[in-house]
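One structure is given here, and the rest of the page talks about it.
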Amino acid sequence: MARRKQYDFLDAMAHLTKNAAAAAEVLVQLVKNYSAENLITEAEKIHDLEKEGDKIVTELTNELYDAFITPIDREDILIIAERIDDILDGINALTYLFENLAITKMRPQTDEFAQLVLVAANGVHTAMLEFPKFKHSKTLKKMIDEVNRVESESDRLYSKLKKGLFTEETDLLEIIKWKDVYDRFEQIVNATEAAVDIIDGMVIKNT
């Protein structure tokens, strides 16, 4: 009887980060060309990526129960998978916010926030691809630093947009809606930083 092929945990995590980056790319296009019609079609693409991500996490978790040997600590595999999934879940949740809050148009600089999400998600994906060769990779540390830089830039943009919302907007309903939207954007970028921080910790632990 043929031996069962060993499950590739690192490949599964890289697949997760690829889906997160793909969802971020769709988000950028949605924000850039926002309309009720585009929300339906683009959100469906993100929903599909998020569902696939959930399947990967479930499969990965089940494999952890049976694996005799893993490339890194089981706890680290589970935690990084969950943090990457947080990015996908956050982007997916944002599309539901647009729908449920009846957002009809994007506010100024929302596209900048979406672009930061994309840069950060791409950074996480590259970092995950580089992790298997962390002992020799010059790119890995750069990507970790890049995501941390983007998170700091995101904090500044978040503060600026929130301040503008509360000081310049007079429509209370608009304030309530967009506070939730900005909060969600910020949470997504925070999730990317959490993901690379764990990758950084894994590098230190395995060096």
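The chains in the structure tokens are called A, B, ... from first to last as shown; in each chain the residues are counted from 1, and the ligands are counted from 1 in the order shown.
Backbone DSSP over region 2-32 of chain A gives helix (DSSP H, G or I) for Phe9, Leu10, Asp11, Ala12, Met13, Ala14, His15, Leu16, Thr17, Lys18, Asn19, Ala20, Ala21, Ala22, Ala23, Ala24, Glu25, Val26, Leu27, Val28, Gln29, Leu30, Val31 and Lys32 of chain A.
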message = List the spatial neighbours of Asp145 (chain A) as a PyMOL selection string - criterion: any atom at most 10 Å away, only C-alpha atoms, same-chain residues fewer than 2 positions off excluded.
response = chain A and resi 123+139-143+147-151+193+196-197+200
message = Residues within 9 Å of Ala43 (chain A), please, as a PyMOL selection string. Count only C-alpha atoms; anything in the same chain fewer than 4 positions from it doesn't count.
response = chain A and resi 26-27+30+38-39+47-48+92+95-96
inquiry  = Taking 2 positions as the minimum chain separation for residues in the same chain, which residues sit within 10 Å of Phe131 (chain A) when counting only C-alpha atoms? Answer as an MDAnalysis selection string.
reply    = chainID A and resid 10 14 125:129 133:137 139:141 199:200 202:203
Take the residues that were just selected and, keeping C-alpha atoms, output them as a PDB file, in the first residue's frame.
ATOM      1  CA  LEU A  10       4.114  25.587   5.368  1.00  0.00           C
ATOM      2  CA  ALA A  14       1.408  30.147   2.200  1.00  0.00           C
ATOM      3  CA  HIS A 125       2.364  36.525   1.833  1.00  0.00           C
ATOM      4  CA  THR A 126       5.978  37.181   0.834  1.00  0.00           C
ATOM      5  CA  ALA A 127       7.134  36.694   4.425  1.00  0.00           C
ATOM      6  CA  MET A 128       5.364  33.342   4.605  1.00  0.00           C
ATOM      7  CA  LEU A 129       6.901  32.231   1.305  1.00  0.00           C
ATOM      8  CA  LYS A 133      14.479  29.537   4.001  1.00  0.00           C
ATOM      9  CA  PHE A 134      14.640  32.017   6.890  1.00  0.00           C
ATOM     10  CA  LYS A 135      18.249  31.190   7.731  1.00  0.00           C
ATOM     11  CA  HIS A 136      19.413  32.598   4.398  1.00  0.00           C
ATOM     12  CA  SER A 137      16.609  34.942   3.355  1.00  0.00           C
ATOM     13  CA  THR A 139      13.790  39.354   2.057  1.00  0.00           C
ATOM     14  CA  LEU A 140      12.002  37.952   5.100  1.00  0.00           C
ATOM     15  CA  LYS A 141      13.184  40.572   7.587  1.00  0.00           C
ATOM     16  CA  ILE A 199       6.522  34.791  11.858  1.00  0.00           C
ATOM     17  CA  ASP A 200       9.335  36.888  13.352  1.00  0.00           C
ATOM     18  CA  MET A 202       9.110  31.692  14.821  1.00  0.00           C
ATOM     19  CA  VAL A 203      12.371  32.747  13.164  1.00  0.00           C
TER      20      VAL A 203
END
inquiry  = Under the rule that only C-alpha atoms are counted, which of A:Leu157, A:Ile175, A:Ile79, A:Ile46 is the nearest residue to Ile91 (chain A)?
reply    =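 Of A:Leu157, A:Ile175, A:Ile79, A:Ile46, the one nearest Ile91 (chain A), counting only C-alpha atoms, is A:Ile46.
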task = Rank nothing, just name the residue among A:Thr192, A:Ser152, A:Thr104, A:Gln109 nearest to Glu174 (chain A), using only C-alpha atoms.
result =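 For Glu174 (chain A), the nearest of the candidates is A:Thr104.
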